$ cat entry_26.pdb   # PDB, C-alpha atoms
MODEL        1
ATOM      1  CA  LEU B   1     -15.468 -11.716 -18.593
ATOM      2  CA  PRO B   2     -13.576 -14.716 -17.218
ATOM      3  CA  ILE B   3     -14.010 -15.180 -13.476
ATOM      4  CA  PHE B   4     -11.236 -15.624 -10.940
ATOM      5  CA  THR B   5     -11.248 -18.934  -9.070
ATOM      6  CA  VAL B   6     -10.975 -18.333  -5.343
ATOM      7  CA  ILE B   7      -8.834 -21.089  -3.848
ATOM      8  CA  GLU B   8      -9.514 -19.969  -0.281
ATOM      9  CA  SER B   9     -11.867 -17.603   1.525
ATOM     10  CA  VAL B  10     -10.628 -16.747   5.003
ATOM     11  CA  PRO B  11     -13.304 -15.354   7.345
ATOM     12  CA  ILE B  12     -12.236 -12.637   9.775
ATOM     13  CA  PRO B  13     -14.425 -13.126  12.884
ATOM     14  CA  ALA B  14     -16.218 -10.254  14.595
ATOM     15  CA  CYS B  15     -14.892  -8.681  17.782
ATOM     16  CA  SER B  16     -17.294  -8.116  20.677
ATOM     17  CA  GLY B  17     -20.198  -8.403  18.260
ATOM     18  CA  THR B  18     -18.720  -5.892  15.794
ATOM     19  CA  ALA B  19     -17.885  -6.909  12.229
ATOM     20  CA  ALA B  20     -14.131  -6.839  11.651
ATOM     21  CA  GLY B  21     -14.092  -4.766   8.446
ATOM     22  CA  PRO B  22     -10.787  -5.932   6.895
ATOM     23  CA  ASN B  23      -9.391  -2.811   5.324
ATOM     24  CA  ALA B  24      -5.863  -3.250   3.933
ATOM     25  CA  VAL B  25      -3.334  -5.992   3.357
ATOM     26  CA  ALA B  26       0.439  -6.452   3.085
ATOM     27  CA  ILE B  27       2.463  -9.623   2.485
ATOM     28  CA  ASP B  28       5.640 -10.734   4.282
ATOM     29  CA  ASP B  29       7.201 -13.150   1.785
ATOM     30  CA  GLN B  30       9.884 -14.321   4.236
ATOM     31  CA  ARG B  31       7.353 -15.522   6.810
ATOM     32  CA  ASN B  32       4.708 -16.348   4.194
ATOM     33  CA  ILE B  33       1.981 -14.406   5.939
ATOM     34  CA  ALA B  34      -0.509 -11.693   5.081
ATOM     35  CA  VAL B  35      -1.082  -8.854   7.544
ATOM     36  CA  VAL B  36      -4.644  -7.523   7.324
ATOM     37  CA  THR B  37      -5.897  -4.443   9.171
ATOM     38  CA  ASP B  38      -9.350  -4.744  10.736
ATOM     39  CA  LEU B  39     -10.923  -1.293  10.700
ATOM     40  CA  ASN B  40     -13.655  -1.962  13.256
ATOM     41  CA  CYS B  41     -11.728  -4.243  15.605
ATOM     42  CA  ASN B  42      -8.588  -2.107  15.982
ATOM     43  CA  ASP B  43      -6.294  -5.015  15.282
ATOM     44  CA  ALA B  44      -4.176  -6.647  12.597
ATOM     45  CA  ALA B  45      -5.034 -10.195  11.558
ATOM     46  CA  ILE B  46      -2.262 -12.581  10.518
ATOM     47  CA  VAL B  47      -3.209 -15.056   7.762
ATOM     48  CA  SER B  48      -0.876 -17.934   6.924
ATOM     49  CA  LEU B  49       0.237 -18.322   3.307
ATOM     50  CA  LYS B  50       2.600 -21.185   4.127
ATOM     51  CA  ASN B  51       2.605 -24.295   1.972
ATOM     52  CA  ASP B  52       1.388 -26.532   4.775
ATOM     53  CA  SER B  53      -1.761 -27.327   6.735
ATOM     54  CA  THR B  54      -1.985 -23.758   8.059
ATOM     55  CA  PHE B  55      -2.450 -22.237   4.581
ATOM     56  CA  GLY B  56      -5.417 -19.902   4.517
ATOM     57  CA  THR B  57      -5.969 -19.830   8.271
ATOM     58  CA  LEU B  58      -6.063 -16.872  10.642
ATOM     59  CA  THR B  59      -3.304 -17.499  13.184
ATOM     60  CA  HIS B  60      -3.077 -14.301  15.283
ATOM     61  CA  ARG B  61      -4.737 -10.942  15.901
ATOM     62  CA  ILE B  62      -2.486  -8.145  17.149
ATOM     63  CA  PRO B  63      -4.015  -5.045  18.818
ATOM     64  CA  VAL B  64      -3.248  -1.682  17.192
ATOM     65  CA  GLY B  65      -4.645   1.860  17.475
ATOM     66  CA  ALA B  66      -8.080   3.209  16.577
ATOM     67  CA  SER B  67      -9.367   2.748  13.008
ATOM     68  CA  PRO B  68      -6.365   1.025  11.413
ATOM     69  CA  ALA B  69      -6.166   2.060   7.774
ATOM     70  CA  ALA B  70      -3.099   0.856   5.875
ATOM     71  CA  VAL B  71      -0.248  -1.563   6.546
ATOM     72  CA  ALA B  72       3.253  -2.078   5.164
ATOM     73  CA  VAL B  73       5.931  -4.618   6.060
ATOM     74  CA  ILE B  74       9.723  -4.790   6.096
ATOM     75  CA  PRO B  75      10.464  -8.523   6.154
ATOM     76  CA  ARG B  76      14.180  -8.281   6.958
ATOM     77  CA  PHE B  77      13.317  -6.382  10.153
ATOM     78  CA  GLY B  78      10.340  -8.605  10.864
ATOM     79  CA  PHE B  79       8.152  -5.516  11.353
ATOM     80  CA  ALA B  80       4.801  -4.284  10.106
ATOM     81  CA  VAL B  81       3.666  -0.659  10.407
ATOM     82  CA  VAL B  82      -0.053   0.154  10.666
ATOM     83  CA  THR B  83      -1.565   3.639  10.328
ATOM     84  CA  ASN B  84      -4.343   4.372  12.834
ATOM     85  CA  ASN B  85      -6.595   6.833  11.035
ATOM     86  CA  SER B  86      -8.749   8.238  13.830
ATOM     87  CA  ALA B  87      -5.979   8.077  16.457
ATOM     88  CA  GLY B  88      -3.362  10.001  14.474
ATOM     89  CA  THR B  89      -0.754   7.353  15.296
ATOM     90  CA  ALA B  90       1.202   4.467  13.815
ATOM     91  CA  SER B  91       1.561   1.033  15.423
ATOM     92  CA  ILE B  92       4.745  -0.987  14.876
ATOM     93  CA  LEU B  93       4.350  -4.766  15.090
ATOM     94  CA  ASN B  94       6.894  -7.538  15.586
ATOM     95  CA  LEU B  95       5.861 -10.316  13.198
ATOM     96  CA  ASN B  96       7.982 -12.893  15.026
ATOM     97  CA  SER B  97       6.379 -12.384  18.427
ATOM     98  CA  ASN B  98       2.985 -11.122  17.105
ATOM     99  CA  ALA B  99       3.034  -8.152  19.463
ATOM    100  CA  GLN B 100       3.684  -4.421  19.324
ATOM    101  CA  VAL B 101       7.358  -3.458  19.383
ATOM    102  CA  THR B 102       6.803  -0.149  21.133
ATOM    103  CA  SER B 103       4.004   2.218  22.073
ATOM    104  CA  ASP B 104       2.159   3.911  19.204
ATOM    105  CA  ILE B 105       4.013   6.751  17.451
ATOM    106  CA  THR B 106       2.216  10.089  17.040
ATOM    107  CA  VAL B 107       2.047  11.218  13.411
ATOM    108  CA  GLY B 108      -0.285  13.664  11.616
ATOM    109  CA  THR B 109      -4.061  13.923  11.313
ATOM    110  CA  ASN B 110      -5.914  11.003   9.688
ATOM    111  CA  PRO B 111      -2.886   8.955   8.607
ATOM    112  CA  SER B 112      -3.794   6.731   5.670
ATOM    113  CA  GLY B 113      -1.355   5.142   3.206
ATOM    114  CA  LEU B 114       2.288   4.378   3.881
ATOM    115  CA  ALA B 115       5.369   2.709   2.453
ATOM    116  CA  ILE B 116       8.658   1.506   3.950
ATOM    117  CA  ASN B 117      12.070   2.010   2.343
ATOM    118  CA  GLN B 118      13.301  -1.586   2.382
ATOM    119  CA  ALA B 119      16.934  -0.447   2.183
ATOM    120  CA  THR B 120      16.999   2.051   5.061
ATOM    121  CA  GLY B 121      14.017   1.156   7.245
ATOM    122  CA  ILE B 122      12.373   4.567   6.853
ATOM    123  CA  ALA B 123       8.562   4.466   6.959
ATOM    124  CA  LEU B 124       6.755   7.327   5.217
ATOM    125  CA  ILE B 125       3.115   7.953   6.166
ATOM    126  CA  ALA B 126       0.562  10.126   4.335
ATOM    127  CA  ASN B 127      -1.479  12.248   6.771
ATOM    128  CA  THR B 128      -4.614  13.041   4.773
ATOM    129  CA  GLY B 129      -6.094  15.475   7.296
ATOM    130  CA  SER B 130      -3.007  17.609   7.894
ATOM    131  CA  ASN B 131      -1.518  17.710   4.349
ATOM    132  CA  THR B 132       1.773  16.248   5.542
ATOM    133  CA  VAL B 133       3.792  13.070   5.488
ATOM    134  CA  SER B 134       5.501  11.661   8.572
ATOM    135  CA  SER B 135       8.896   9.945   8.421
ATOM    136  CA  ILE B 136       9.772   7.263  11.003
ATOM    137  CA  ASP B 137      13.177   5.550  11.210
ATOM    138  CA  LEU B 138      12.510   1.967  12.325
ATOM    139  CA  SER B 139      16.165   0.932  12.706
ATOM    140  CA  PRO B 140      16.533   1.903  16.425
ATOM    141  CA  LEU B 141      13.947  -0.772  17.235
ATOM    142  CA  LEU B 142      16.422  -3.489  16.210
ATOM    143  CA  ALA B 143      18.622  -2.704  19.229
ATOM    144  CA  SER B 144      18.350  -4.681  22.466
ATOM    145  CA  PRO B 145      16.582  -3.192  24.289
ATOM    146  CA  PRO B 146      14.770  -1.333  21.478
ATOM    147  CA  GLY B 147      15.655   2.333  21.104
ATOM    148  CA  THR B 148      13.258   5.252  20.927
ATOM    149  CA  VAL B 149      11.665   6.204  17.627
ATOM    150  CA  THR B 150      10.050   9.511  16.734
ATOM    151  CA  SER B 151       8.494  11.007  13.626
ATOM    152  CA  SER B 152       9.409  14.061  11.580
ATOM    153  CA  THR B 153       6.902  15.948   9.416
ATOM    154  CA  ILE B 154       7.103  17.164   5.816
ATOM    155  CA  ALA B 155       4.487  19.426   4.201
ATOM    156  CA  VAL B 156       3.015  18.208   0.903
ATOM    157  CA  ASP B 157       0.010  19.143  -1.218
ATOM    158  CA  GLN B 158      -3.618  18.665  -0.159
ATOM    159  CA  SER B 159      -5.160  15.396   1.028
ATOM    160  CA  PRO B 160      -2.250  12.966   0.560
ATOM    161  CA  ILE B 161      -3.413   9.347   0.552
ATOM    162  CA  ALA B 162      -0.910   6.824  -0.832
ATOM    163  CA  VAL B 163       2.893   6.453  -0.857
ATOM    164  CA  ALA B 164       5.454   4.440  -2.837
ATOM    165  CA  ILE B 165       9.253   4.467  -2.540
ATOM    166  CA  ASP B 166      12.178   3.975  -4.920
ATOM    167  CA  PRO B 167      15.028   2.988  -2.558
ATOM    168  CA  ASP B 168      17.784   3.939  -5.022
ATOM    169  CA  ARG B 169      16.898   7.481  -6.096
ATOM    170  CA  GLY B 170      17.202  10.602  -3.951
ATOM    171  CA  THR B 171      20.160  12.346  -2.295
ATOM    172  CA  ASN B 172      23.041   9.895  -1.799
ATOM    173  CA  ASN B 173      20.759   7.220  -3.291
ATOM    174  CA  LEU B 174      18.866   6.942   0.012
ATOM    175  CA  GLY B 175      15.411   6.885  -1.487
ATOM    176  CA  LEU B 176      12.754   8.912  -3.280
ATOM    177  CA  ALA B 177       9.044   8.737  -2.481
ATOM    178  CA  VAL B 178       5.993   9.641  -4.538
ATOM    179  CA  VAL B 179       2.919  10.706  -2.557
ATOM    180  CA  THR B 180      -0.529  10.998  -4.154
ATOM    181  CA  SER B 181      -2.214  14.324  -3.430
ATOM    182  CA  LEU B 182      -4.574  17.032  -4.675
ATOM    183  CA  LEU B 183      -3.132  20.132  -6.357
ATOM    184  CA  LEU B 184      -5.072  23.365  -5.796
ATOM    185  CA  ASN B 185      -5.052  25.908  -8.613
ATOM    186  CA  GLY B 186      -6.697  28.984  -7.125
ATOM    187  CA  ALA B 187      -9.994  29.597  -8.899
ATOM    188  CA  SER B 188      -9.362  26.689 -11.268
ATOM    189  CA  THR B 189     -10.485  23.124 -10.706
ATOM    190  CA  PRO B 190      -8.021  21.164  -8.562
ATOM    191  CA  PHE B 191      -6.177  18.239 -10.122
ATOM    192  CA  GLY B 192      -4.899  14.945  -8.794
ATOM    193  CA  GLY B 193      -1.222  15.264  -8.013
ATOM    194  CA  LEU B 194       1.969  13.296  -7.381
ATOM    195  CA  ASP B 195       4.391  14.879  -4.896
ATOM    196  CA  VAL B 196       8.057  13.841  -4.946
ATOM    197  CA  VAL B 197       9.802  13.590  -1.554
ATOM    198  CA  ASP B 198      13.580  13.172  -1.219
ATOM    199  CA  LEU B 199      14.318  10.705   1.595
ATOM    200  CA  GLY B 200      18.073  11.270   1.408
ATOM    201  CA  THR B 201      17.954  14.613   3.210
ATOM    202  CA  SER B 202      17.525  14.972   6.960
ATOM    203  CA  PRO B 203      14.684  15.571   7.448
ATOM    204  CA  PRO B 204      13.221  14.490   4.085
ATOM    205  CA  THR B 205      12.177  17.320   1.766
ATOM    206  CA  ARG B 206       9.505  17.767  -0.892
ATOM    207  CA  ASP B 207      11.127  18.305  -4.281
ATOM    208  CA  ASN B 208       8.394  18.873  -6.851
ATOM    209  CA  SER B 209       5.006  17.673  -8.011
ATOM    210  CA  ALA B 210       3.158  16.721 -11.172
ATOM    211  CA  SER B 211      -0.542  17.024 -11.933
ATOM    212  CA  ILE B 212      -2.840  14.420 -13.475
ATOM    213  CA  ASN B 213      -5.158  16.765 -15.346
ATOM    214  CA  SER B 214      -7.729  14.092 -16.187
ATOM    215  CA  ILE B 215      -8.934  13.785 -12.577
ATOM    216  CA  GLN B 216     -10.082  16.168  -9.855
ATOM    217  CA  ALA B 217      -9.418  13.969  -6.810
ATOM    218  CA  THR B 218      -6.437  12.463  -5.024
ATOM    219  CA  PRO B 219      -5.212   9.255  -6.706
ATOM    220  CA  THR B 220      -5.969   6.390  -4.357
ATOM    221  CA  GLY B 221      -2.954   4.147  -4.901
ATOM    222  CA  VAL B 222       0.657   4.197  -6.091
ATOM    223  CA  VAL B 223       3.389   1.566  -6.531
ATOM    224  CA  PHE B 224       7.024   1.575  -7.735
ATOM    225  CA  ASP B 225       8.489  -0.755 -10.357
ATOM    226  CA  PRO B 226      12.283  -1.225 -10.016
ATOM    227  CA  ALA B 227      12.510  -2.701 -13.531
ATOM    228  CA  THR B 228      11.088   0.312 -15.355
ATOM    229  CA  THR B 229      12.032   2.759 -12.521
ATOM    230  CA  LEU B 230       8.548   4.252 -12.948
ATOM    231  CA  PHE B 231       5.791   4.883 -10.421
ATOM    232  CA  TYR B 232       2.241   3.785 -11.259
ATOM    233  CA  ALA B 233      -0.746   5.615  -9.741
ATOM    234  CA  THR B 234      -4.393   4.620  -9.960
ATOM    235  CA  SER B 235      -7.256   7.057 -10.507
ATOM    236  CA  SER B 236     -10.783   6.121  -9.464
ATOM    237  CA  GLN B 237     -12.259   9.041 -11.405
ATOM    238  CA  GLY B 238     -10.303   8.504 -14.599
ATOM    239  CA  ASN B 239     -10.751   4.714 -14.836
ATOM    240  CA  ASN B 240      -7.055   4.427 -15.575
ATOM    241  CA  ILE B 241      -3.576   4.167 -14.146
ATOM    242  CA  SER B 242      -0.749   6.578 -14.898
ATOM    243  CA  ALA B 243       2.947   5.830 -15.314
ATOM    244  CA  PHE B 244       5.065   8.601 -13.757
ATOM    245  CA  ASP B 245       8.779   9.341 -14.170
ATOM    246  CA  PRO B 246       9.894  11.647 -11.308
ATOM    247  CA  ASP B 247      13.080  12.582 -13.159
ATOM    248  CA  ASN B 248      11.177  14.545 -15.807
ATOM    249  CA  SER B 249       7.555  14.534 -14.509
ATOM    250  CA  ASN B 250       6.393  12.702 -17.654
ATOM    251  CA  LEU B 251       3.008  10.964 -17.388
ATOM    252  CA  GLN B 252       1.245   8.438 -19.597
ATOM    253  CA  SER B 253      -2.030   6.650 -18.857
ATOM    254  CA  ILE B 254      -3.782   3.393 -19.719
ATOM    255  CA  ALA B 255      -7.432   2.447 -19.272
ATOM    256  CA  VAL B 256      -8.496  -0.230 -16.788
ATOM    257  CA  GLY B 257     -11.886  -1.102 -15.256
ATOM    258  CA  VAL B 258     -14.486   1.283 -13.855
ATOM    259  CA  ASN B 259     -13.535   3.155 -10.666
ATOM    260  CA  PRO B 260     -10.182   1.528  -9.769
ATOM    261  CA  THR B 261      -9.619   2.177  -6.061
ATOM    262  CA  SER B 262      -6.856  -0.243  -5.032
ATOM    263  CA  LEU B 263      -3.514  -1.071  -6.585
ATOM    264  CA  ALA B 264      -1.092  -3.960  -6.041
ATOM    265  CA  PHE B 265       2.155  -4.900  -7.764
ATOM    266  CA  ASN B 266       4.440  -7.909  -8.139
ATOM    267  CA  PHE B 267       7.876  -6.742  -9.262
ATOM    268  CA  GLN B 268       8.952 -10.341  -9.990
ATOM    269  CA  THR B 269       6.338 -10.798 -12.705
ATOM    270  CA  SER B 270       5.830  -7.116 -13.666
ATOM    271  CA  THR B 271       2.148  -7.591 -12.779
ATOM    272  CA  ILE B 272       0.063  -4.580 -11.741
ATOM    273  CA  LEU B 273      -3.379  -5.365 -10.332
ATOM    274  CA  THR B 274      -6.183  -2.828 -10.006
ATOM    275  CA  VAL B 275      -9.395  -3.512  -8.096
ATOM    276  CA  ASN B 276     -12.201  -1.757  -9.988
ATOM    277  CA  ALA B 277     -14.967  -0.940  -7.521
ATOM    278  CA  LEU B 278     -17.964  -0.105  -9.711
ATOM    279  CA  SER B 279     -17.466  -2.885 -12.258
ATOM    280  CA  ASN B 280     -16.574  -5.606  -9.700
ATOM    281  CA  THR B 281     -13.502  -6.489 -11.762
ATOM    282  CA  ILE B 282      -9.761  -6.778 -11.442
ATOM    283  CA  SER B 283      -7.512  -5.519 -14.232
ATOM    284  CA  ILE B 284      -4.097  -7.090 -14.857
ATOM    285  CA  VAL B 285      -1.519  -4.740 -16.433
ATOM    286  CA  ASP B 286       1.982  -5.633 -17.646
ATOM    287  CA  SER B 287       4.286  -2.866 -16.420
ATOM    288  CA  GLN B 288       6.955  -3.734 -19.012
ATOM    289  CA  THR B 289       4.690  -3.060 -21.988
ATOM    290  CA  PHE B 290       2.209  -0.878 -20.082
ATOM    291  CA  LYS B 291      -0.695  -2.758 -21.613
ATOM    292  CA  THR B 292      -3.777  -4.218 -19.955
ATOM    293  CA  ARG B 293      -3.497  -8.020 -20.237
ATOM    294  CA  ALA B 294      -6.952  -8.868 -18.882
ATOM    295  CA  THR B 295      -9.928  -7.551 -16.947
ATOM    296  CA  LEU B 296     -11.410 -10.326 -14.831
ATOM    297  CA  GLY B 297     -14.707 -10.514 -13.001
ATOM    298  CA  ILE B 298     -14.811 -10.936  -9.250
ATOM    299  CA  SER B 299     -18.038 -11.425  -7.343
ATOM    300  CA  GLY B 300     -19.024  -9.687  -4.126
ATOM    301  CA  SER B 301     -18.516  -6.251  -2.695
ATOM    302  CA  SER B 302     -16.654  -3.385  -4.293
ATOM    303  CA  GLU B 303     -14.680  -2.553  -1.136
ATOM    304  CA  PHE B 304     -11.416  -4.364  -1.741
ATOM    305  CA  ALA B 305      -7.734  -3.848  -1.023
ATOM    306  CA  ALA B 306      -5.075  -6.171  -2.433
ATOM    307  CA  ALA B 307      -1.472  -7.321  -2.274
ATOM    308  CA  ILE B 308       0.449  -9.873  -4.355
ATOM    309  CA  HIS B 309       2.893 -12.482  -3.042
ATOM    310  CA  PRO B 310       6.077 -11.854  -5.068
ATOM    311  CA  LEU B 311       7.122 -15.517  -5.220
ATOM    312  CA  THR B 312       3.818 -17.309  -5.830
ATOM    313  CA  ASN B 313       1.908 -14.529  -7.661
ATOM    314  CA  LEU B 314      -0.981 -15.142  -5.268
ATOM    315  CA  ALA B 315      -3.307 -12.164  -4.817
ATOM    316  CA  VAL B 316      -4.526 -11.600  -1.266
ATOM    317  CA  ILE B 317      -7.653  -9.439  -1.263
ATOM    318  CA  ALA B 318      -9.300  -7.910   1.790
ATOM    319  CA  ASP B 319     -13.072  -7.979   1.243
ATOM    320  CA  GLN B 320     -14.361  -5.465   3.799
ATOM    321  CA  ALA B 321     -18.103  -5.785   3.301
ATOM    322  CA  ASN B 322     -18.030  -9.582   3.631
ATOM    323  CA  ASN B 323     -15.428  -9.670   6.458
ATOM    324  CA  ARG B 324     -13.129 -12.075   4.729
ATOM    325  CA  VAL B 325      -9.829 -12.381   2.899
ATOM    326  CA  LEU B 326      -9.793 -13.921  -0.585
ATOM    327  CA  LEU B 327      -6.805 -15.850  -1.918
ATOM    328  CA  LEU B 328      -6.642 -15.891  -5.727
ATOM    329  CA  PRO B 329      -3.848 -17.082  -8.032
ATOM    330  CA  LEU B 330      -3.185 -14.548 -10.772
ATOM    331  CA  PRO B 331      -2.969 -15.618 -14.430
TER     332      PRO B 331
ENDMDL
END
$ encode --input "entry_26.pdb" --output "structure tokens"
Amino acid sequence: LPIFTVIESVPIPACSGTAAGPNAVAIDDQRNIAVVTDLNCNDAAIVSLKNDSTFGTLTHRIPVGASPAAVAVIPRFGFAVVTNNSAGTASILNLNSNAQVTSDITVGTNPSGLAINQATGIALIANTGSNTVSSIDLSPLLASPPGTVTSSTIAVDQSPIAVAIDPDRGTNNLGLAVVTSLLLNGASTPFGGLDVVDLGTSPPTRDNSASINSIQATPTGVVFDPATTLFYATSSQGNNISAFDPDNSNLQSIAVGVNPTSLAFNFQTSTILTVNALSNTISIVDSQTFKTRATLGISGSSEFAAAIHPLTNLAVIADQANNRVLLLPLP
């Protein structure tokens, strides 16, 4: 296999003698920064992606809640939202001042993945331990002084993990989310599932779900492609990703590397990236043709999470076991 060339490796220093454990990453393309959650340090590290002398340097660390899991950004608001897995809360960060906007918001049990509707400012959080998703409207925080924000709860299927949002579907075209889950079938073997949540109703409502019969665990990642209007979910058990149309629940799958656990997407280049844990590879898939373009070797640990800069096609990969962030240009 060809090997990626790492153009920068950014170490994330320990905190009070504890290894940082970078866990998830999101990219703000307006500020040219990556926001990386540090699982063991209870903070979010800011890494510069600017085309100047600061490129590839850690510039700030912002405190968050206990065991930060996932992160998502809304660049036009200048906010990042971090899920705090063991605290059952979400932290909201101001990326201009590098500080929390407000006190942590209580959500469900063991919040994990999340996504933000870039059109409306609604953050949707998957609560793995309570089989719910929490909806938070971020727009009141733009007021001066910032208004109060609260969360509402929607029941979904078992063990939801990841979320992606189409901002144009749903009631009154206010957004439709797909949440990865586990579908129980009584005495039968459970299947991986995709729950559809309508963000246009108040509060949001679960519409339907589809099962991925080839796997018996919750899919670990999902993204939305505005060009194809399809959602793409990754399955660590099935060694594949599935394309899902929520309008008719149609599914089709394509093989990638062994044990894909993380998923990233660049809508500008139609590039889907899967991080394949057991084979130490990254697969590049073209969402337009739904074909795997390449599977590339990457050295080091299998515990990776990734995001792609939409303008430069630079992959930013959080390498948890080695406490660093890797910056790799995609082919």
$ atom_distance --input "entry_26.pdb" --atom1 "atom CA of B:Thr292" --atom2 "atom CA of B:Val275"
13.1 Å
$ residues_near_point --input "entry_26.pdb" --point "(9.0, 0.8, 4.1)" --cutoff "8 Å" --atoms "all atoms listed in the file" --output "list in words"
Ala72, Val73, Ile74, Leu114, Ala115, Ile116, Asn117, Gln118, Gly121, Ile122, Ala123, Leu124 and Ile165 of chain B
$ write_last_selection --input "entry_26.pdb" --atoms "C-alpha atoms" --output "CSV table (one decimal), in the coordinates of the input"
chain,number,residue,atom,x,y,z
B,72,ALA,CA,3.3,-2.1,5.2
B,73,VAL,CA,5.9,-4.6,6.1
B,74,ILE,CA,9.7,-4.8,6.1
B,114,LEU,CA,2.3,4.4,3.9
B,115,ALA,CA,5.4,2.7,2.5
B,116,ILE,CA,8.7,1.5,4.0
B,117,ASN,CA,12.1,2.0,2.3
B,118,GLN,CA,13.3,-1.6,2.4
B,121,GLY,CA,14.0,1.2,7.2
B,122,ILE,CA,12.4,4.6,6.9
B,123,ALA,CA,8.6,4.5,7.0
B,124,LEU,CA,6.8,7.3,5.2
B,165,ILE,CA,9.3,4.5,-2.5
$ closest_residue --input "entry_26.pdb" --among "B:Ala233, B:Ile272, B:Ala45, B:Ala126" --to "B:Asn110" --atoms "only C-alpha atoms"
B:Ala126
$ resolve_selection --input "entry_26.pdb" --expression "the PyMOL selection byres ((chain B and resi 255-268) around 6)" --output "ChimeraX atom specification"
/B:220-221,236,239-240,254,269-279,283,305-308,310
$ atom_distance --input "entry_26.pdb" --atom1 "atom CA of B:Gly297" --atom2 "atom CA of B:Ile284"
11.3 Å
$ resolve_selection --input "entry_26.pdb" --expression "the PyMOL selection byres ((chain B and resi 132) around 9)" --output "JSON, numbers by chain"
{"B": [108, 109, 125, 126, 127, 128, 129, 130, 131, 133, 134, 153, 154, 155, 156, 157, 158, 159, 160]}
$ write_last_selection --input "entry_26.pdb" --atoms "C-alpha atoms" --output "PDB file, in the frame of the given file"
ATOM      1  CA  GLY B 108      -0.285  13.664  11.616  1.00  0.00           C
ATOM      2  CA  THR B 109      -4.061  13.923  11.313  1.00  0.00           C
ATOM      3  CA  ILE B 125       3.115   7.953   6.166  1.00  0.00           C
ATOM      4  CA  ALA B 126       0.562  10.126   4.335  1.00  0.00           C
ATOM      5  CA  ASN B 127      -1.479  12.248   6.771  1.00  0.00           C
ATOM      6  CA  THR B 128      -4.614  13.041   4.773  1.00  0.00           C
ATOM      7  CA  GLY B 129      -6.094  15.475   7.296  1.00  0.00           C
ATOM      8  CA  SER B 130      -3.007  17.609   7.894  1.00  0.00           C
ATOM      9  CA  ASN B 131      -1.518  17.710   4.349  1.00  0.00           C
ATOM     10  CA  VAL B 133       3.792  13.070   5.488  1.00  0.00           C
ATOM     11  CA  SER B 134       5.501  11.661   8.572  1.00  0.00           C
ATOM     12  CA  THR B 153       6.902  15.948   9.416  1.00  0.00           C
ATOM     13  CA  ILE B 154       7.103  17.164   5.816  1.00  0.00           C
ATOM     14  CA  ALA B 155       4.487  19.426   4.201  1.00  0.00           C
ATOM     15  CA  VAL B 156       3.015  18.208   0.903  1.00  0.00           C
ATOM     16  CA  ASP B 157       0.010  19.143  -1.218  1.00  0.00           C
ATOM     17  CA  GLN B 158      -3.618  18.665  -0.159  1.00  0.00           C
ATOM     18  CA  SER B 159      -5.160  15.396   1.028  1.00  0.00           C
ATOM     19  CA  PRO B 160      -2.250  12.966   0.560  1.00  0.00           C
TER      20      PRO B 160
END
$ resolve_selection --input "entry_26.pdb" --expression "the PyMOL selection byres ((chain B and resi 168-174) around 7)" --output "CSV table (one decimal) with C-alpha atoms, in the frame of the given file"
chain,number,residue,atom,x,y,z
B,166,ASP,CA,12.2,4.0,-4.9
B,167,PRO,CA,15.0,3.0,-2.6
B,175,GLY,CA,15.4,6.9,-1.5
B,176,LEU,CA,12.8,8.9,-3.3
B,198,ASP,CA,13.6,13.2,-1.2
B,199,LEU,CA,14.3,10.7,1.6
B,200,GLY,CA,18.1,11.3,1.4
B,201,THR,CA,18.0,14.6,3.2
$ closest_residue --input "entry_26.pdb" --among "B:Val325, B:Val71, B:Val222, B:Ala14" --to "B:Pro111" --atoms "all atoms listed in the file"
B:Val71
$ atom_distance --input "entry_26.pdb" --atom1 "atom CA of B:Arg324" --atom2 "atom CA of B:Ser86"
22.7 Å
$ residues_around --input "entry_26.pdb" --residues "B:Val196" --least-positions-apart "4" --cutoff "8 Å" --atoms "all atoms listed in the file" --output "MDAnalysis selection string"
chainID B and resid 176:179 206:209 246
$ closest_residue --input "entry_26.pdb" --among "B:Ala243, B:Ala80, B:Ala119, B:Ile136" --to "B:Val107" --atoms "all atoms listed in the file"
B:Ile136
$ closest_residue --input "entry_26.pdb" --among "B:Asp247, B:Asp43, B:Asp195, B:Glu8" --to "B:Ala315" --atoms "all atoms listed in the file"
B:Glu8
$ closest_residue --input "entry_26.pdb" --among "B:Val101, B:Ala26, B:Ile92, B:Ala227" --to "B:Gln288" --atoms "all atoms listed in the file"
B:Ala227
$ residues_near_point --input "entry_26.pdb" --point "(-14.7, -5.7, 3.6)" --cutoff "6 Å" --atoms "all atoms listed in the file" --output "PyMOL selection string"
chain B and resi 21-22+303+319-323
$ closest_residue --input "entry_26.pdb" --among "B:Thr120, B:Ser139, B:Ala44, B:Asp29" --to "B:Asn98" --atoms "all atoms listed in the file"
B:Ala44
$ residues_around --input "entry_26.pdb" --residues "B:Val82" --least-positions-apart "3" --cutoff "6 Å" --atoms "only C-alpha atoms" --output "NGL selection string"
:B and (70-71 or 90-91)
$ write_last_selection --input "entry_26.pdb" --atoms "C-alpha atoms" --output "mmCIF file, keeping the file's coordinate frame"
data_model
loop_
_atom_site.group_PDB
_atom_site.id
_atom_site.type_symbol
_atom_site.label_atom_id
_atom_site.label_comp_id
_atom_site.auth_asym_id
_atom_site.auth_seq_id
_atom_site.Cartn_x
_atom_site.Cartn_y
_atom_site.Cartn_z
ATOM 1 C CA ALA B 70 -3.099 0.856 5.875
ATOM 2 C CA VAL B 71 -0.248 -1.563 6.546
ATOM 3 C CA ALA B 90 1.202 4.467 13.815
ATOM 4 C CA SER B 91 1.561 1.033 15.423
#
